[in-house]
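Enquirer: Below is one structure. I have some questions about it.
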Amino acid sequence: MGNDVHEKWIQWNREYGQIFQTVSAGPVIHLISHINFTKWNGLFSRVIYIGDPRLVAEIATSNWPKSAAQYDGFKPLDGDALFVQTNQERWKMQSKRLAPAFQPNVIQSQYPCLASHIGNYVRQLDRAAETNSVIDLSSLNILLSLDFIGDIAFGTSFNAINQGPNCRIAQLLEMILPELMKCGLFPLRGKIPIFQSTRIMNRAITELRDMAKEAVKDARKNESAEDGNSKIKPSKKIFEILALQREADGNYTFNAQELLAFLVAGGDPTAHTMSFLVWQVLKNPTIFAQLRAEIDASIPYGAEVATLEHVKLPYLNMVLKETLRFSSPGFGTFRTCSKDTAVAGVTLPANTTLALWNPQVHRDPRLWEDPDKFDPERWRSGQPKLRGSYFPFSYGPRSCTGQGLAMLEMTLTLATLLRRYDITPEPGFELEYLPSFTLKPKNGFPIRVTRRKC
Ligand code: HEM
């Protein structure tokens, strides 16, 4: 994807209206407003971007199926996992079986695991403070998210923070994710791997799959009779709950590849949201002062890692919501309609990929006052927003399974970080946004930190 495609999505929505079709003719993309959809499918498949909140809400809540044209491109990695599932019946079954592992009490019980990884994160930052060295916050956030998601949802200790940005898991994901997104957008690329980057991705996927198989094998080797039969104990890690789950016939419910999807879905967007938030609050001193005041009033000086009790922080929640509006790392979802279908006065043609895409909806001047301003105050009233106008975690029954987990990780980490350190970006640094598998910082986020005195 081009660096500026994120801005283009926002601009196209303003220019061509809330619903437009992209038609690829070789390297050129033509845009067509919804009045004149063309019947031509382009070289790959017809894609219509849906930015009208009424259609977003209707399509997502009635759970139109995910589009095979796009999600098949992700299958080399995720196999038959929930994330890429285009068979509605199979998705229902998988989603039902996953639900108990993502209940609020189970999520909260992941705290000790999360706190121990945040402890490692703090030690890296303490060291950078003591030596007055530059540290890349974006990279550190990625390593933290990998350690956490690896531990609770992949059954593997990556030890990424301690090994640093060149650790194997970070290298593997770097080889996989940007290429995987390209295969999602251009499915032929994955099917006929003529590019070297596609072949490198395929080799990295094989290595990751082998790791997943080992983790599942280990969990099952250690399974006790009690594990197999008992009800879920909330103290268990999510991975153990899922790896040991069995069907009535005694077979395990999930295979290793299905569990691998969490690593991909859960690591990056959480890390990047945290980096985006820190960048925005550093740029906006009034917002930062208000956020600091709330955090300082709740977390005592010297606490190494915030506790669950410390993080009942409504203003931080508003700032997080605004970060997820302003620069949502996950762009949305691809759905499909098999026959011509009229929704809210618009007829969507058959066999079309529908991109319910939040970058343009979240910045649409028809829906948001001053949409390009980072302003957490828009969340103060607590009033629900117009249906379909805000969907950083997607929308409807197929929205993000890991939303609660991501919010917990982000809240605890950010509260800890902002309580303990003063942060200064390197002189002249400006965070740039790069649309890749997710929206991410283009050139990292180099900072220096100092320990606060009170
Ligand atoms: C800030 C962090 C996160 C954001 C912004 C985010 C966003 C999203 C979005 C936009 C989707 C829809 C994708 C699509 O339809 O193509 C999604 C789906 C999903 N997410 Fe997340 N996600 C986050 C964190 C997580 C975490 C931590 C996990 C797991 C532990 C997770 C697991 C999933 C799964 C399994 C799905 C597929 C749901 C389905 O198809 O039924 N996500 N997420």
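Naming works like this for the structure tokens: A, B, ... for the chains as they're shown, residue 1 at the start of each chain, ligands 1 onward in shown order.
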Would you kindly return, as a ChimeraX atom specification, each protein, DNA or RNA residue with an atom no farther than 9 Å from any atom of Thr307 of chain A, considering only C-alpha atoms and excluding same-chain residues fewer than 6 positions away?

Expert: /A:111,115,299,412

Enquirer: Step by step, measure atom-to-atom distances between ligand 1 and each residue using only C-alpha atoms and all ligand atoms, keep those at most 6 Å, then write them as a tab-separated table (two decimals) with N, CA and C atoms, in the first residue's frame.

Expert:
```tsv
chain	number	residue	atom	x	y	z
A	82	LEU	N	-11.25	-18.18	13.03
A	82	LEU	CA	-12.42	-17.29	13.14
A	82	LEU	C	-12.25	-16.00	12.34
A	83	PHE	N	-11.07	-15.40	12.44
A	83	PHE	CA	-10.81	-14.10	11.80
A	83	PHE	C	-11.07	-14.13	10.30
A	262	PHE	N	-4.79	-15.26	16.83
A	262	PHE	CA	-4.80	-14.23	17.87
A	262	PHE	C	-3.52	-13.41	17.89
A	265	ALA	N	-3.92	-10.98	15.04
A	265	ALA	CA	-4.99	-10.01	15.22
A	265	ALA	C	-4.72	-9.10	16.42
A	266	GLY	N	-4.04	-9.66	17.44
A	266	GLY	CA	-4.02	-8.97	18.73
A	266	GLY	C	-2.78	-8.15	19.03
A	269	PRO	N	-2.19	-3.99	16.59
A	269	PRO	CA	-3.07	-2.81	16.76
A	269	PRO	C	-3.03	-2.25	18.19
A	270	THR	N	-2.83	-3.14	19.15
A	270	THR	CA	-2.79	-2.68	20.54
A	270	THR	C	-1.54	-1.82	20.74
A	273	THR	N	-1.84	1.63	18.89
A	273	THR	CA	-2.76	2.57	19.54
A	273	THR	C	-2.05	3.27	20.70
A	329	PRO	N	-5.99	1.83	14.24
A	329	PRO	CA	-5.00	0.95	13.59
A	329	PRO	C	-5.64	-0.13	12.71
A	330	GLY	N	-6.84	-0.62	13.09
A	330	GLY	CA	-7.53	-1.62	12.26
A	330	GLY	C	-8.52	-0.89	11.37
A	331	PHE	N	-8.45	-1.10	10.06
A	331	PHE	CA	-9.23	-0.23	9.16
A	331	PHE	C	-10.71	-0.59	9.10
A	332	GLY	N	-11.05	-1.84	9.38
A	332	GLY	CA	-12.47	-2.19	9.27
A	332	GLY	C	-12.62	-3.64	8.87
A	333	THR	N	-13.55	-3.89	7.97
A	333	THR	CA	-13.86	-5.27	7.63
A	333	THR	C	-14.31	-5.34	6.17
A	392	PRO	N	-13.83	1.30	15.60
A	392	PRO	CA	-12.41	0.90	15.58
A	392	PRO	C	-12.23	-0.59	15.77
A	393	PHE	N	-13.19	-1.24	16.45
A	393	PHE	CA	-13.10	-2.68	16.67
A	393	PHE	C	-14.09	-3.41	15.75
A	394	SER	N	-14.39	-2.82	14.61
A	394	SER	CA	-15.44	-3.31	13.73
A	394	SER	C	-16.80	-3.15	14.43
A	398	ARG	N	-19.73	-9.56	14.54
A	398	ARG	CA	-18.39	-9.98	14.14
A	398	ARG	C	-17.33	-8.96	14.51
A	399	SER	N	-17.64	-8.18	15.54
A	399	SER	CA	-16.62	-7.21	15.95
A	399	SER	C	-15.52	-7.92	16.72
A	400	CYS	N	-14.51	-7.17	17.11
A	400	CYS	CA	-13.26	-7.74	17.66
A	400	CYS	C	-13.49	-8.56	18.93
A	401	THR	N	-13.01	-9.79	18.88
A	401	THR	CA	-13.11	-10.69	20.03
A	401	THR	C	-12.24	-10.20	21.18
A	402	GLY	N	-11.14	-9.53	20.85
A	402	GLY	CA	-10.15	-9.18	21.87
A	402	GLY	C	-10.26	-7.77	22.41
A	403	GLN	N	-11.41	-7.11	22.14
A	403	GLN	CA	-11.53	-5.70	22.53
A	403	GLN	C	-11.26	-5.47	24.03
A	405	LEU	N	-9.65	-7.32	26.14
A	405	LEU	CA	-8.25	-7.61	26.46
A	405	LEU	C	-7.35	-6.44	26.03
A	406	ALA	N	-7.60	-5.93	24.83
A	406	ALA	CA	-6.80	-4.82	24.32
A	406	ALA	C	-6.97	-3.60	25.22
```

Enquirer: Identify, with DSSP run on backbone atoms, the residues in segment 371-454 of chain A assigned to helix (DSSP H, G or I), and express the list as a CSV table (one decimal) with C-alpha atoms, in the first residue's frame.

Expert:
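See states_4.csv below for the written result:
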```csv
chain,number,residue,atom,x,y,z
A,376,PRO,CA,-11.2,13.8,23.7
A,377,GLU,CA,-13.9,16.2,24.9
A,378,ARG,CA,-16.2,14.9,22.2
A,379,TRP,CA,-16.6,11.7,24.4
A,396,GLY,CA,-21.9,-5.9,15.1
A,397,PRO,CA,-21.7,-9.6,16.0
A,398,ARG,CA,-18.4,-10.0,14.1
A,403,GLN,CA,-11.5,-5.7,22.5
A,404,GLY,CA,-11.7,-6.1,26.3
A,405,LEU,CA,-8.3,-7.6,26.5
A,406,ALA,CA,-6.8,-4.8,24.3
A,407,MET,CA,-8.4,-2.1,26.5
A,408,LEU,CA,-7.0,-3.7,29.6
A,409,GLU,CA,-3.5,-3.9,28.2
A,410,MET,CA,-3.6,-0.4,26.9
A,411,THR,CA,-5.0,1.1,30.0
A,412,LEU,CA,-2.6,-0.5,32.4
A,413,THR,CA,0.4,0.1,30.3
A,414,LEU,CA,-0.4,3.8,29.5
A,415,ALA,CA,-1.3,4.6,33.1
A,416,THR,CA,2.0,3.0,34.3
A,417,LEU,CA,4.1,4.8,31.6
A,418,LEU,CA,2.6,8.3,32.1
A,419,ARG,CA,2.7,8.0,35.9
A,420,ARG,CA,6.3,7.0,36.1
```

Enquirer: Neighbouring residues of Thr450 of chain A were defined as those with any atom within 7 Å, considering only C-alpha atoms; residues of the same chain fewer than 2 positions away were excluded. Please report them as a PyMOL selection string.

Expert: chain A and resi 129+421-423+448+452

Enquirer: Please return as a PyMOL selection string: the residues of segment 184-338 of chain A that backbone DSSP assigns to strand (DSSP E or B).

Expert: chain A and resi 246+252+332-337

Enquirer: Can you spit out the residues from that selection as a PDB file, in the first residue's frame, using N, CA and C atoms?

Expert:
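Written out: result07.pdb:
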```pdb
ATOM      1  N   ARG A 246     -12.694 -29.321  24.399  1.00  0.00           N
ATOM      2  CA  ARG A 246     -13.048 -30.475  23.564  1.00  0.00           C
ATOM      3  C   ARG A 246     -14.522 -30.445  23.188  1.00  0.00           C
ATOM      4  N   TYR A 252     -10.482 -32.325  20.198  1.00  0.00           N
ATOM      5  CA  TYR A 252     -10.209 -30.936  20.555  1.00  0.00           C
ATOM      6  C   TYR A 252     -10.958 -29.996  19.612  1.00  0.00           C
ATOM      7  N   GLY A 332     -11.049  -1.836   9.376  1.00  0.00           N
ATOM      8  CA  GLY A 332     -12.469  -2.194   9.274  1.00  0.00           C
ATOM      9  C   GLY A 332     -12.624  -3.636   8.875  1.00  0.00           C
ATOM     10  N   THR A 333     -13.548  -3.890   7.970  1.00  0.00           N
ATOM     11  CA  THR A 333     -13.865  -5.274   7.626  1.00  0.00           C
ATOM     12  C   THR A 333     -14.311  -5.343   6.168  1.00  0.00           C
ATOM     13  N   PHE A 334     -14.079  -6.486   5.528  1.00  0.00           N
ATOM     14  CA  PHE A 334     -14.547  -6.707   4.156  1.00  0.00           C
ATOM     15  C   PHE A 334     -15.732  -7.659   4.190  1.00  0.00           C
ATOM     16  N   ARG A 335     -16.845  -7.240   3.678  1.00  0.00           N
ATOM     17  CA  ARG A 335     -18.009  -8.120   3.581  1.00  0.00           C
ATOM     18  C   ARG A 335     -18.371  -8.307   2.114  1.00  0.00           C
ATOM     19  N   THR A 336     -19.361  -9.164   1.877  1.00  0.00           N
ATOM     20  CA  THR A 336     -19.723  -9.411   0.482  1.00  0.00           C
ATOM     21  C   THR A 336     -21.241  -9.544   0.340  1.00  0.00           C
ATOM     22  N   CYS A 337     -21.744  -9.202  -0.837  1.00  0.00           N
ATOM     23  CA  CYS A 337     -23.159  -9.508  -1.100  1.00  0.00           C
ATOM     24  C   CYS A 337     -23.229 -10.332  -2.382  1.00  0.00           C
TER      25      CYS A 337
END
```

Enquirer: With only C-alpha atoms as the basis for distance, which of A:Phe154, A:Trp91, A:Phe326, A:Phe20 is at the shortest distance from Leu439 of chain A?

Expert: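 Closest to Leu439 of chain A, using only C-alpha atoms: A:Phe326.
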
Enquirer: Pick out the closest residue to Gly388 of chain A from this set: A:Lys339, A:Arg54, A:His6, A:Lys217. Count only C-alpha atoms.

Expert: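 Nearest to Gly388 of chain A: A:Arg54.
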
Enquirer: Might you pull out every residue within 8 Å of Leu137 of chain A, with only C-alpha atoms counted and same-chain residues fewer than 3 positions away left off, and present them as a list of chain:residue names?

Expert: A:Leu140, A:Asn141, A:Ser275, A:Gly444, A:Phe445, A:Pro446, A:Ile447

Enquirer: Taking 3 positions as the minimum chain separation for residues in the same chain, which residues sit within 12 Å of Pro100 of chain A when counting only C-alpha atoms? Answer as a ChimeraX atom specification.

Expert: /A:94-97,103-107,231-234,236-239,241-242,245,401

Enquirer: Produce a file of the selected residues containing C-alpha atoms, as a PDB file, in the first residue's frame.

Expert:
```pdb
ATOM      1  CA  GLN A  94     -16.179 -21.025  16.521  1.00  0.00           C
ATOM      2  CA  SER A  95     -17.429 -17.792  17.985  1.00  0.00           C
ATOM      3  CA  LYS A  96     -19.647 -19.632  20.483  1.00  0.00           C
ATOM      4  CA  ARG A  97     -16.747 -21.827  21.608  1.00  0.00           C
ATOM      5  CA  GLN A 103     -15.578 -13.191  29.383  1.00  0.00           C
ATOM      6  CA  PRO A 104     -14.756 -10.098  31.499  1.00  0.00           C
ATOM      7  CA  ASN A 105     -13.774 -12.185  34.567  1.00  0.00           C
ATOM      8  CA  VAL A 106     -11.368 -14.283  32.486  1.00  0.00           C
ATOM      9  CA  ILE A 107      -9.869 -11.144  30.940  1.00  0.00           C
ATOM     10  CA  LYS A 231     -15.547 -25.983  34.021  1.00  0.00           C
ATOM     11  CA  ILE A 232     -13.326 -23.066  32.997  1.00  0.00           C
ATOM     12  CA  LYS A 233     -11.284 -21.726  35.860  1.00  0.00           C
ATOM     13  CA  PRO A 234     -10.962 -17.992  35.359  1.00  0.00           C
ATOM     14  CA  LYS A 236      -6.292 -19.957  33.425  1.00  0.00           C
ATOM     15  CA  LYS A 237      -4.582 -18.279  30.524  1.00  0.00           C
ATOM     16  CA  ILE A 238      -6.825 -17.870  27.494  1.00  0.00           C
ATOM     17  CA  PHE A 239      -4.589 -20.143  25.445  1.00  0.00           C
ATOM     18  CA  ILE A 241      -8.685 -22.674  27.976  1.00  0.00           C
ATOM     19  CA  LEU A 242      -8.877 -22.855  24.190  1.00  0.00           C
ATOM     20  CA  GLN A 245     -11.389 -27.332  24.936  1.00  0.00           C
ATOM     21  CA  THR A 401     -13.114 -10.692  20.032  1.00  0.00           C
TER      22      THR A 401
END
```
